[in-house]
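S.K.: File final-v2.cif follows (mmCIF, C-alpha atoms):
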```cif
data_protein
loop_
_atom_site.label_atom_id
_atom_site.label_comp_id
_atom_site.auth_asym_id
_atom_site.auth_seq_id
_atom_site.Cartn_x
_atom_site.Cartn_y
_atom_site.Cartn_z
CA MET A 1 -1.88 -10.22 0.37
CA ALA A 2 -5.41 -9.18 1.41
CA LEU A 3 -4.29 -5.84 2.87
CA LYS A 4 -2.29 -4.95 -0.23
CA SER A 5 -5.26 -5.80 -2.47
CA ILE A 6 -7.63 -3.71 -0.36
CA ILE A 7 -5.33 -0.69 -0.53
CA THR A 8 -4.91 -1.14 -4.30
CA TYR A 9 -8.68 -1.21 -4.84
CA LEU A 10 -9.09 1.87 -2.65
CA MET A 11 -6.48 3.70 -4.71
CA ILE A 12 -8.28 2.84 -7.95
CA LEU A 13 -11.58 4.02 -6.45
CA MET A 14 -9.89 7.24 -5.29
CA MET A 15 -8.62 7.95 -8.78
CA CYS A 16 -12.11 7.49 -10.20
CA THR A 17 -13.84 9.75 -7.66
CA GLN A 18 -11.13 12.42 -7.88
CA THR A 19 -11.28 12.39 -11.68
CA ILE A 20 -15.05 12.85 -11.66
CA TRP A 21 -14.77 15.77 -9.23
CA ASP A 22 -12.02 17.44 -11.30
CA VAL A 23 -13.91 17.06 -14.59
CA VAL A 24 -17.22 18.36 -13.24
CA SER A 25 -15.59 21.26 -11.37
CA SER A 26 -13.55 22.32 -14.41
CA TRP A 27 -16.61 22.08 -16.64
CA ILE A 28 -18.63 24.35 -14.32
CA LYS A 29 -15.77 26.80 -13.89
CA TYR A 30 -15.17 27.31 -17.60
CA ARG A 31 -18.88 27.42 -18.36
CA GLU A 32 -19.42 30.17 -15.79
CA GLY A 33 -16.28 32.07 -16.66
CA PHE A 34 -15.24 35.22 -14.80
CA LEU A 35 -16.90 38.37 -13.49
CA TYR A 36 -15.82 41.97 -14.02
CA VAL A 37 -16.05 44.25 -10.95
CA PRO A 38 -16.61 47.84 -12.11
CA GLN A 39 -15.80 49.42 -8.73
CA THR A 40 -12.26 47.99 -8.64
CA GLY A 41 -11.70 47.18 -12.29
CA GLN A 42 -10.70 43.61 -11.41
CA ILE A 43 -11.69 40.39 -13.13
CA VAL A 44 -12.44 37.66 -10.60
CA THR A 45 -13.87 34.17 -10.65
CA LYS A 46 -17.65 34.37 -10.74
CA PRO A 47 -19.04 33.83 -7.20
CA PHE A 48 -21.42 31.00 -6.48
CA ALA A 49 -24.38 33.41 -6.04
CA TYR A 50 -24.04 34.51 -9.69
CA TRP A 51 -23.92 31.01 -11.12
CA ASP A 52 -26.58 29.58 -13.32
CA GLU A 53 -29.18 27.62 -11.38
CA TYR A 54 -28.47 24.52 -13.46
CA HIS A 55 -24.79 24.56 -12.43
CA GLN A 56 -25.60 25.21 -8.78
CA LYS A 57 -27.39 21.86 -8.59
CA PHE A 58 -24.10 20.04 -9.19
CA ILE A 59 -22.24 21.60 -6.28
CA GLN A 60 -23.67 19.62 -3.40
CA PRO A 61 -23.29 16.18 -5.08
CA ILE A 62 -19.69 16.82 -6.10
CA ASP A 63 -18.89 18.20 -2.63
CA TYR A 64 -20.05 14.91 -1.13
CA LEU A 65 -18.01 13.09 -3.77
CA GLN A 66 -14.94 15.08 -2.74
CA CYS A 67 -15.58 14.11 0.89
CA VAL A 68 -15.68 10.46 -0.17
CA THR A 69 -12.29 10.97 -1.84
CA PHE A 70 -10.90 12.54 1.33
CA ALA A 71 -12.24 9.62 3.37
CA LEU A 72 -10.63 7.04 1.07
CA GLN A 73 -7.29 8.85 1.06
CA THR A 74 -7.10 9.17 4.84
CA GLY A 75 -8.11 5.51 5.10
CA VAL A 76 -5.18 4.58 2.87
CA PHE A 77 -2.86 6.77 4.96
CA PHE A 78 -3.65 4.84 8.13
CA LEU A 79 -3.82 1.44 6.43
CA LEU A 80 -0.29 2.19 5.22
CA GLN A 81 0.86 1.94 8.84
CA CYS A 82 -0.75 -1.51 8.99
CA PHE A 83 1.03 -2.39 5.76
CA TRP A 84 4.41 -1.67 7.38
CA ASN A 85 3.57 -4.20 10.08
CA TYR A 86 2.49 -6.76 7.47
CA LEU A 87 5.68 -6.15 5.50
CA CYS A 88 8.01 -6.60 8.47
CA ASN A 89 6.22 -9.75 9.59
CA ARG A 90 6.55 -11.23 6.11
CA VAL A 91 10.08 -10.12 5.20
CA ALA A 92 11.95 -9.80 8.50
CA LYS A 93 9.74 -12.14 10.55
CA ARG A 94 9.49 -9.43 13.22
CA SER A 95 6.63 -7.35 14.57
CA PHE A 96 6.48 -3.66 13.63
CA MET A 97 3.72 -2.66 16.05
CA SER A 98 1.49 -4.10 18.73
CA SER A 99 -1.85 -5.72 17.96
CA TRP A 100 -3.85 -2.96 19.64
CA GLU A 101 -2.09 -0.32 17.56
CA PHE A 102 -2.84 -2.30 14.41
CA LYS A 103 -6.54 -2.44 15.34
CA PHE A 104 -6.53 1.26 16.26
CA TYR A 105 -5.37 2.26 12.76
CA ILE A 106 -8.09 0.13 11.17
CA ILE A 107 -10.74 1.73 13.41
CA TRP A 108 -9.37 5.19 12.62
CA ALA A 109 -9.51 4.48 8.89
CA LEU A 110 -13.15 3.37 9.19
CA GLY A 111 -13.98 6.40 11.33
CA SER A 112 -12.50 8.75 8.73
CA VAL A 113 -14.76 7.23 6.09
CA ALA A 114 -17.79 8.37 8.12
CA MET A 115 -16.37 11.68 9.37
CA PHE A 116 -16.06 13.61 6.12
CA PRO A 117 -19.63 13.09 4.83
CA VAL A 118 -20.91 14.02 8.30
CA LEU A 119 -18.89 17.26 8.25
CA GLN A 120 -20.22 18.06 4.79
CA TRP A 121 -23.78 17.47 5.95
CA ARG A 122 -23.27 19.51 9.14
CA TYR A 123 -22.07 22.63 7.30
CA SER A 124 -24.10 22.19 4.11
CA GLY A 125 -26.07 25.38 4.89
CA ASP A 126 -22.93 27.55 4.83
CA GLU A 127 -21.21 27.90 1.46
CA LEU A 128 -17.83 28.82 2.95
CA LEU A 129 -17.68 26.35 5.83
CA SER A 130 -18.99 23.45 3.74
CA GLU A 131 -15.91 23.83 1.55
CA ILE A 132 -13.25 24.74 4.14
CA VAL A 133 -14.06 22.53 7.15
CA PRO A 134 -13.76 19.12 5.37
CA GLN A 135 -10.53 20.25 3.70
CA LEU A 136 -9.13 21.47 7.02
CA ALA A 137 -9.96 18.14 8.68
CA TYR A 138 -8.30 16.33 5.78
CA ALA A 139 -5.18 18.51 6.08
CA CYS A 140 -4.92 17.79 9.82
CA GLU A 141 -5.09 14.03 9.21
CA VAL A 142 -2.39 14.37 6.55
CA LEU A 143 -0.10 16.05 9.10
CA ILE A 144 -0.91 13.32 11.65
CA THR A 145 0.10 10.72 9.09
CA ALA A 146 3.36 12.59 8.47
CA GLY A 147 4.05 12.39 12.21
CA LEU A 148 3.40 8.65 12.15
CA GLY A 149 5.85 8.39 9.26
CA ILE A 150 8.59 9.87 11.46
CA ARG A 151 7.96 7.24 14.11
CA SER A 152 7.91 4.50 11.44
CA HIS A 153 11.33 5.70 10.27
CA PHE A 154 12.87 5.03 13.69
CA ARG A 155 11.23 1.61 13.78
CA PHE A 156 12.72 0.77 10.39
CA ALA A 157 16.13 1.95 11.61
CA ARG A 158 15.88 -0.34 14.64
CA LEU A 159 14.95 -3.32 12.48
CA LEU A 160 17.79 -2.69 10.02
CA LYS A 161 20.33 -3.00 12.83
CA ILE A 162 19.34 -6.59 13.53
CA THR A 163 18.50 -7.93 10.05
CA LYS A 164 20.66 -9.70 7.47
CA ASP A 165 22.01 -8.25 4.24
CA LYS A 166 19.32 -9.50 1.85
CA ILE A 167 16.43 -8.67 4.16
CA GLY A 168 18.07 -5.41 5.11
CA ALA A 169 18.27 -4.36 1.46
CA ARG A 170 14.55 -4.93 1.05
CA LEU A 171 13.69 -3.04 4.22
CA SER A 172 16.03 -0.18 3.26
CA TYR A 173 14.00 0.43 0.12
CA PHE A 174 10.75 0.74 2.07
CA ARG A 175 12.44 2.86 4.73
CA ASP A 176 13.58 5.32 2.04
CA MET A 177 10.12 5.37 0.51
CA ASN A 178 8.67 6.09 3.94
CA VAL A 179 11.03 9.05 4.33
CA LEU A 180 10.05 10.39 0.92
CA LEU A 181 6.35 9.89 1.65
CA THR A 182 6.67 11.64 5.02
CA ILE A 183 8.29 14.71 3.43
CA ILE A 184 5.59 14.89 0.77
CA LEU A 185 2.80 14.53 3.34
CA PHE A 186 4.30 17.24 5.55
CA ILE A 187 4.55 19.77 2.69
CA TYR A 188 1.14 18.76 1.33
CA GLY A 189 -0.61 19.01 4.70
CA SER A 190 1.07 22.28 5.69
CA THR A 191 0.02 23.93 2.44
CA LEU A 192 -3.59 22.83 2.87
CA VAL A 193 -3.68 24.03 6.49
CA LEU A 194 -2.42 27.47 5.43
CA LEU A 195 -5.05 27.77 2.70
CA CYS A 196 -7.92 26.60 4.90
CA ALA A 197 -6.92 28.55 8.00
CA ASP A 198 -6.56 31.75 5.98
CA GLY A 199 -10.00 31.16 4.46
CA LEU A 200 -11.53 31.23 7.95
CA THR A 201 -10.01 34.63 8.80
CA PRO A 202 -11.98 37.82 8.00
CA ASN A 203 -9.18 39.49 5.99
CA LYS A 204 -8.09 36.39 3.98
CA VAL A 205 -4.58 37.72 3.42
CA ILE A 206 -3.28 34.73 1.46
CA ASN A 207 -6.45 34.06 -0.54
CA SER A 208 -6.66 37.70 -1.62
CA ASN A 209 -3.10 37.62 -3.02
CA LYS A 210 -3.08 36.19 -6.54
CA PHE A 211 0.58 35.13 -6.50
CA ALA A 212 0.39 33.51 -3.06
CA ILE A 213 -2.76 31.55 -3.80
CA ASP A 214 -1.45 30.32 -7.16
CA LEU A 215 1.86 29.27 -5.59
CA LEU A 216 0.23 27.30 -2.79
CA ILE A 217 -2.33 25.64 -5.06
CA ALA A 218 0.38 24.66 -7.56
CA ASN A 219 2.46 23.26 -4.69
CA THR A 220 -0.55 21.24 -3.49
CA ASN A 221 -1.17 19.78 -6.93
CA ILE A 222 2.48 18.80 -7.42
CA CYS A 223 2.57 17.14 -4.00
CA SER A 224 -0.58 15.24 -4.90
CA VAL A 225 1.12 13.82 -8.00
CA PHE A 226 4.23 12.85 -6.03
CA LEU A 227 1.97 11.27 -3.42
CA TRP A 228 0.39 8.98 -6.00
CA LEU A 229 3.81 8.00 -7.37
CA ALA A 230 5.05 7.19 -3.86
CA PHE A 231 2.02 5.01 -3.16
CA ILE A 232 2.53 3.08 -6.39
CA SER A 233 6.24 2.60 -5.63
CA ILE A 234 5.45 1.28 -2.14
CA PHE A 235 2.64 -1.14 -2.92
CA HIS A 236 3.82 -2.22 -6.38
CA PRO A 237 7.65 -1.91 -6.49
CA ARG A 238 9.49 -2.77 -9.68
CA ARG A 239 11.28 -6.11 -9.74
CA VAL A 240 15.05 -5.93 -10.21
CA GLU A 241 16.38 -7.89 -13.19
CA GLY A 242 19.02 -10.47 -12.36
CA ASN A 243 19.32 -13.65 -10.39
CA LYS A 244 16.70 -15.04 -8.09
CA GLU A 245 17.94 -13.15 -5.06
CA ASN A 246 18.02 -9.78 -6.82
CA THR A 247 14.72 -10.35 -8.55
CA SER A 248 12.90 -10.80 -5.29
CA GLN A 249 14.79 -8.07 -3.45
CA LEU A 250 12.09 -5.41 -3.61
CA SER A 251 9.08 -7.66 -3.85
CA THR A 252 6.88 -8.38 -0.85
CA HIS A 253 6.18 -11.88 -2.24
CA ASP A 254 8.23 -14.75 -0.89
CA PRO A 255 9.83 -16.54 -3.89
CA GLU A 256 10.27 -19.75 -1.89
CA GLU A 257 6.59 -19.97 -1.16
CA GLU A 258 4.77 -22.91 -2.77
CA PRO A 259 2.03 -22.21 -5.30
CA SER A 260 -1.33 -21.70 -3.65
CA ASN A 261 -3.36 -22.86 -6.65
CA PRO A 262 -4.63 -26.45 -6.05
CA ARG A 263 -4.45 -27.27 -9.76
CA VAL A 264 -0.84 -26.16 -9.93
CA ASN A 265 0.04 -28.19 -6.85
CA LYS A 266 -1.65 -31.30 -8.28
CA PHE A 267 0.14 -30.91 -11.62
CA ILE A 268 3.53 -30.53 -9.92
CA MET A 269 2.88 -33.55 -7.71
CA ASN A 270 1.84 -35.77 -10.63
CA ASP A 271 4.78 -34.68 -12.76
CA THR A 272 7.24 -35.28 -9.93
CA THR A 273 5.79 -38.74 -9.23
CA LYS A 274 5.99 -39.70 -12.92
CA ARG A 275 9.65 -38.67 -13.18
CA TYR A 276 10.49 -40.54 -10.01
CA ASN A 277 8.84 -43.74 -11.26
CA ASN A 278 10.69 -43.55 -14.61
CA SER A 279 14.05 -43.09 -12.90
CA THR A 280 13.55 -45.94 -10.42
CA THR A 281 12.36 -48.80 -12.69
CA PRO A 282 12.90 -52.13 -10.80
CA GLN A 283 15.68 -54.38 -12.22
CA PRO A 284 14.89 -58.10 -12.99
CA PHE A 285 16.01 -60.48 -10.31
CA SER A 286 19.17 -62.50 -11.06
CA PRO A 287 20.50 -65.46 -9.02
CA THR A 288 23.98 -64.02 -9.23
CA THR A 289 22.90 -60.76 -7.75
CA GLU A 290 24.61 -60.30 -4.46
CA GLU A 291 22.35 -59.25 -1.66
CA PRO A 292 23.63 -57.31 1.28
CA ASN A 293 24.72 -59.36 4.25
CA SER A 294 22.31 -59.53 7.08
CA TYR A 295 23.18 -58.54 10.57
CA TYR A 296 22.76 -62.16 11.57
CA ASP A 297 24.84 -63.73 8.73
CA ASP A 298 28.18 -65.26 9.49
CA GLN A 299 30.71 -62.98 7.93
CA ARG A 300 33.48 -65.64 7.79
CA PRO A 301 34.26 -67.10 4.32
CA TYR A 302 32.94 -70.62 3.65
CA SER A 303 35.53 -73.35 3.91
CA PRO A 304 34.82 -77.14 3.50
CA GLN A 305 37.73 -77.94 5.78
CA GLY A 306 36.38 -75.74 8.44
CA ARG A 307 33.04 -77.45 8.05
CA GLN A 308 34.62 -80.89 8.49
CA GLN A 309 36.46 -79.76 11.56
CA HIS A 310 33.19 -79.07 13.25
CA ASP A 311 31.52 -82.32 12.20
CA TRP A 312 31.27 -84.67 15.15
#
```
Would you write the structure of this file as structure tokens?

M.R.:
Amino acid sequence: MALKSIITYLMILMMCTQTIWDVVSSWIKYREGFLYVPQTGQIVTKPFAYWDEYHQKFIQPIDYLQCVTFALQTGVFFLLQCFWNYLCNRVAKRSFMSSWEFKFYIIWALGSVAMFPVLQWRYSGDELLSEIVPQLAYACEVLITAGLGIRSHFRFARLLKITKDKIGARLSYFRDMNVLLTIILFIYGSTLVLLCADGLTPNKVINSNKFAIDLLIANTNICSVFLWLAFISIFHPRRVEGNKENTSQLSTHDPEEEPSNPRVNKFIMNDTTKRYNNSTTPQPFSPTTEEPNSYYDDQRPYSPQGRQQHDW
């Protein structure tokens, strides 16, 4: 379960980095407040140029922190494809993808970790591009992952046609979760692409409309929550109460697998040997005890008359 543990640790690290970014950004936003524009009579969010110098020092560090979060999330997206292969090998004893494709996803995940900080460094001199370009790259990778989810769905459907009932029930759960995750990723990525692409245009039609921008941002936040719930349901599914077969239906752990702890194995072996010795205590030998006839013994009953007939 090394891959599952790695993804779990990455998810915990993502939650920590995303929480830090949200807290610091909200603190700066509410400390700076809003700005009144006399020419138009509008109240807008205070631009970065009007911020206090003390708050401006936090922007670059938290932008890099956000890029680290993007890198970890995209890494998890592509490691998820590797997890499908691990799951099918363990549950259905069949391959989900080729070895080169498995290695390609791992290389892509590692490349994404380096890409986002590089993009942030490259456009650090431009306030607008330093914020939009990393988010646009992240949105594109989200849409790519949604496309990979569609292909994974057809692979799951092919495996379900040739698997048994119990294994098929377990794979059906992960197939349905893949469908749900693909829909969430598609909506999430499309919303981010619209926001980022509009921010690069000179007129900024969507970003200048208060209702449109609030709707898209709210949609992005809701999709982010559903995305976390889908990840948790995939990597840590709830066990079904019932008999042994139902209990292990959704788990990726093989219930028939022997314990891997050496101490547990030694204890089980000693206890089994002790019970075997107690149940097979040797009985005292008795002259009347009949022993099984040998292959070479004469099976005819003993008769003195027959013995005398053969005496010469």

S.K.: Between atom CA of A:Thr40 and atom CA of A:Ala212, what is the distance in Å, rounded to a tenth?

M.R.: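 Interatomic distance here is 20.0 Å.
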
S.K.: How many Å separate atom CA of A:Thr74 from atom CA of A:Asp126?

M.R.: 24.3 Å

S.K.: Could you write out as a ChimeraX atom specification the residues that the PyMOL selection byres ((chain A and resi 3-5) around 12) matches in the shown file?

M.R.: /A:1-2,6-12,76,78-87,106,231-232,234-236,252-253

S.K.: Excluding stretch 127-140 of chain A and any residue of its chain fewer than 2 positions from it, enumerate the residues within 10 Å of it, using all atoms listed in the file, and give them as a PyMOL selection string.

M.R.: chain A and resi 48-49+60+63-64+66-67+70-71+73-74+112+115-125+142-146+185-186+188-200

S.K.: Selection from above, C-alpha atoms, as a PDB file, in the coordinates of the input, can you write it?

M.R.:
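In the end it all went to out_36.pdb:
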```pdb
ATOM      1  CA  PHE A  48     -21.420  31.000  -6.480  1.00  0.00           C
ATOM      2  CA  ALA A  49     -24.380  33.410  -6.040  1.00  0.00           C
ATOM      3  CA  GLN A  60     -23.670  19.620  -3.400  1.00  0.00           C
ATOM      4  CA  ASP A  63     -18.890  18.200  -2.630  1.00  0.00           C
ATOM      5  CA  TYR A  64     -20.050  14.910  -1.130  1.00  0.00           C
ATOM      6  CA  GLN A  66     -14.940  15.080  -2.740  1.00  0.00           C
ATOM      7  CA  CYS A  67     -15.580  14.110   0.890  1.00  0.00           C
ATOM      8  CA  PHE A  70     -10.900  12.540   1.330  1.00  0.00           C
ATOM      9  CA  ALA A  71     -12.240   9.620   3.370  1.00  0.00           C
ATOM     10  CA  GLN A  73      -7.290   8.850   1.060  1.00  0.00           C
ATOM     11  CA  THR A  74      -7.100   9.170   4.840  1.00  0.00           C
ATOM     12  CA  SER A 112     -12.500   8.750   8.730  1.00  0.00           C
ATOM     13  CA  MET A 115     -16.370  11.680   9.370  1.00  0.00           C
ATOM     14  CA  PHE A 116     -16.060  13.610   6.120  1.00  0.00           C
ATOM     15  CA  PRO A 117     -19.630  13.090   4.830  1.00  0.00           C
ATOM     16  CA  VAL A 118     -20.910  14.020   8.300  1.00  0.00           C
ATOM     17  CA  LEU A 119     -18.890  17.260   8.250  1.00  0.00           C
ATOM     18  CA  GLN A 120     -20.220  18.060   4.790  1.00  0.00           C
ATOM     19  CA  TRP A 121     -23.780  17.470   5.950  1.00  0.00           C
ATOM     20  CA  ARG A 122     -23.270  19.510   9.140  1.00  0.00           C
ATOM     21  CA  TYR A 123     -22.070  22.630   7.300  1.00  0.00           C
ATOM     22  CA  SER A 124     -24.100  22.190   4.110  1.00  0.00           C
ATOM     23  CA  GLY A 125     -26.070  25.380   4.890  1.00  0.00           C
ATOM     24  CA  VAL A 142      -2.390  14.370   6.550  1.00  0.00           C
ATOM     25  CA  LEU A 143      -0.100  16.050   9.100  1.00  0.00           C
ATOM     26  CA  ILE A 144      -0.910  13.320  11.650  1.00  0.00           C
ATOM     27  CA  THR A 145       0.100  10.720   9.090  1.00  0.00           C
ATOM     28  CA  ALA A 146       3.360  12.590   8.470  1.00  0.00           C
ATOM     29  CA  LEU A 185       2.800  14.530   3.340  1.00  0.00           C
ATOM     30  CA  PHE A 186       4.300  17.240   5.550  1.00  0.00           C
ATOM     31  CA  TYR A 188       1.140  18.760   1.330  1.00  0.00           C
ATOM     32  CA  GLY A 189      -0.610  19.010   4.700  1.00  0.00           C
ATOM     33  CA  SER A 190       1.070  22.280   5.690  1.00  0.00           C
ATOM     34  CA  THR A 191       0.020  23.930   2.440  1.00  0.00           C
ATOM     35  CA  LEU A 192      -3.590  22.830   2.870  1.00  0.00           C
ATOM     36  CA  VAL A 193      -3.680  24.030   6.490  1.00  0.00           C
ATOM     37  CA  LEU A 194      -2.420  27.470   5.430  1.00  0.00           C
ATOM     38  CA  LEU A 195      -5.050  27.770   2.700  1.00  0.00           C
ATOM     39  CA  CYS A 196      -7.920  26.600   4.900  1.00  0.00           C
ATOM     40  CA  ALA A 197      -6.920  28.550   8.000  1.00  0.00           C
ATOM     41  CA  ASP A 198      -6.560  31.750   5.980  1.00  0.00           C
ATOM     42  CA  GLY A 199     -10.000  31.160   4.460  1.00  0.00           C
ATOM     43  CA  LEU A 200     -11.530  31.230   7.950  1.00  0.00           C
TER      44      LEU A 200
END
```

S.K.: Please report the interatomic distance between atom CA of A:Asp176 and atom CA of A:Arg155 in Å with one decimal.

M.R.: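 Taking atom CA of A:Asp176 as the start and atom CA of A:Arg155 as the end point, the length is 12.5 Å.
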
S.K.: Written as a PDB file with C-alpha atoms, in the frame of the given file, what is the full residue list that the PyMOL selection byres ((chain A and resi 98) around 12) yields on the file shown?

M.R.:
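Final output, selection.pdb:
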```
ATOM      1  CA  GLN A  81       0.860   1.940   8.840  1.00  0.00           C
ATOM      2  CA  CYS A  82      -0.750  -1.510   8.990  1.00  0.00           C
ATOM      3  CA  TRP A  84       4.410  -1.670   7.380  1.00  0.00           C
ATOM      4  CA  ASN A  85       3.570  -4.200  10.080  1.00  0.00           C
ATOM      5  CA  TYR A  86       2.490  -6.760   7.470  1.00  0.00           C
ATOM      6  CA  ASN A  89       6.220  -9.750   9.590  1.00  0.00           C
ATOM      7  CA  ARG A  94       9.490  -9.430  13.220  1.00  0.00           C
ATOM      8  CA  SER A  95       6.630  -7.350  14.570  1.00  0.00           C
ATOM      9  CA  PHE A  96       6.480  -3.660  13.630  1.00  0.00           C
ATOM     10  CA  MET A  97       3.720  -2.660  16.050  1.00  0.00           C
ATOM     11  CA  SER A  99      -1.850  -5.720  17.960  1.00  0.00           C
ATOM     12  CA  TRP A 100      -3.850  -2.960  19.640  1.00  0.00           C
ATOM     13  CA  GLU A 101      -2.090  -0.320  17.560  1.00  0.00           C
ATOM     14  CA  PHE A 102      -2.840  -2.300  14.410  1.00  0.00           C
ATOM     15  CA  LYS A 103      -6.540  -2.440  15.340  1.00  0.00           C
ATOM     16  CA  PHE A 104      -6.530   1.260  16.260  1.00  0.00           C
ATOM     17  CA  TYR A 105      -5.370   2.260  12.760  1.00  0.00           C
TER      18      TYR A 105
END
```

S.K.: Considering all atoms listed in the file, return as number ranges by chain whatever protein or nucleic-acid residues lie within 12 Å of A:Asn221, sequence-local ones (same chain, fewer than 2 positions apart) excluded.

M.R.: A: 22, 184, 187-189, 191-192, 214-219, 223-228

S.K.: Could you write out as lines of an AutoDock Vina configuration file the box around stretch 198-206 of chain A (axis-aligned, all atoms listed in the file, 3 Å on each side), with centre and edge lengths in Å to one decimal?

M.R.:
```
center_x = -7.6
center_y = 35.3
center_z = 5.1
size_x = 14.7
size_y = 14.3
size_z = 13.3
```

S.K.: Pick out the residues sitting within 12 Å of A:Asp52, and hand them over as a PDB file with C-alpha atoms, keeping the file's coordinate frame; count only C-alpha atoms, and ignore anything fewer than 4 positions along from it in its own chain.

M.R.:
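Saved to around_6.pdb:
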```pdb
ATOM      1  CA  ILE A  28     -18.630  24.350 -14.320  1.00  0.00           C
ATOM      2  CA  LYS A  29     -15.770  26.800 -13.890  1.00  0.00           C
ATOM      3  CA  ARG A  31     -18.880  27.420 -18.360  1.00  0.00           C
ATOM      4  CA  GLU A  32     -19.420  30.170 -15.790  1.00  0.00           C
ATOM      5  CA  GLY A  33     -16.280  32.070 -16.660  1.00  0.00           C
ATOM      6  CA  LYS A  46     -17.650  34.370 -10.740  1.00  0.00           C
ATOM      7  CA  PRO A  47     -19.040  33.830  -7.200  1.00  0.00           C
ATOM      8  CA  PHE A  48     -21.420  31.000  -6.480  1.00  0.00           C
ATOM      9  CA  GLN A  56     -25.600  25.210  -8.780  1.00  0.00           C
ATOM     10  CA  LYS A  57     -27.390  21.860  -8.590  1.00  0.00           C
ATOM     11  CA  PHE A  58     -24.100  20.040  -9.190  1.00  0.00           C
ATOM     12  CA  ILE A  59     -22.240  21.600  -6.280  1.00  0.00           C
TER      13      ILE A  59
END
```

S.K.: Quick check on the file I pasted: which residues fall under the PyMOL selection byres ((chain A and resi 179) around 12)? Write them as a PDB file with C-alpha atoms, in the frame of the given file.

M.R.:
```pdb
ATOM      1  CA  ALA A 146       3.360  12.590   8.470  1.00  0.00           C
ATOM      2  CA  GLY A 147       4.050  12.390  12.210  1.00  0.00           C
ATOM      3  CA  LEU A 148       3.400   8.650  12.150  1.00  0.00           C
ATOM      4  CA  GLY A 149       5.850   8.390   9.260  1.00  0.00           C
ATOM      5  CA  ILE A 150       8.590   9.870  11.460  1.00  0.00           C
ATOM      6  CA  ARG A 151       7.960   7.240  14.110  1.00  0.00           C
ATOM      7  CA  SER A 152       7.910   4.500  11.440  1.00  0.00           C
ATOM      8  CA  HIS A 153      11.330   5.700  10.270  1.00  0.00           C
ATOM      9  CA  PHE A 154      12.870   5.030  13.690  1.00  0.00           C
ATOM     10  CA  PHE A 156      12.720   0.770  10.390  1.00  0.00           C
ATOM     11  CA  ALA A 157      16.130   1.950  11.610  1.00  0.00           C
ATOM     12  CA  SER A 172      16.030  -0.180   3.260  1.00  0.00           C
ATOM     13  CA  TYR A 173      14.000   0.430   0.120  1.00  0.00           C
ATOM     14  CA  PHE A 174      10.750   0.740   2.070  1.00  0.00           C
ATOM     15  CA  ARG A 175      12.440   2.860   4.730  1.00  0.00           C
ATOM     16  CA  ASP A 176      13.580   5.320   2.040  1.00  0.00           C
ATOM     17  CA  MET A 177      10.120   5.370   0.510  1.00  0.00           C
ATOM     18  CA  ASN A 178       8.670   6.090   3.940  1.00  0.00           C
ATOM     19  CA  LEU A 180      10.050  10.390   0.920  1.00  0.00           C
ATOM     20  CA  LEU A 181       6.350   9.890   1.650  1.00  0.00           C
ATOM     21  CA  THR A 182       6.670  11.640   5.020  1.00  0.00           C
ATOM     22  CA  ILE A 183       8.290  14.710   3.430  1.00  0.00           C
ATOM     23  CA  ILE A 184       5.590  14.890   0.770  1.00  0.00           C
ATOM     24  CA  LEU A 185       2.800  14.530   3.340  1.00  0.00           C
ATOM     25  CA  PHE A 186       4.300  17.240   5.550  1.00  0.00           C
ATOM     26  CA  ALA A 230       5.050   7.190  -3.860  1.00  0.00           C
ATOM     27  CA  ILE A 234       5.450   1.280  -2.140  1.00  0.00           C
TER      28      ILE A 234
END
```

S.K.: Between A:Phe211, A:Ile222, A:Ile162, A:Lys204, which is the closest to A:Lys93 once you count all atoms listed in the file?

M.R.: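 So, comparing all the options, the nearest one is A:Ile162.
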
S.K.: List as a ChimeraX atom specification the protein and nucleic acid residues near A:Met14, meaning an atom at most 7 Å away when only C-alpha atoms are counted, but skip any in the same chain fewer than 4 places from it.

M.R.: /A:10,18,69,72

S.K.: From the set A:Gln39, A:Thr45, A:Leu13, A:Ile62, which residue has the shortest atom-to-atom contact distance to A:Ser25, counting all atoms listed in the file?

M.R.: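 Counting all atoms listed in the file, the residue closest to A:Ser25 is A:Ile62.
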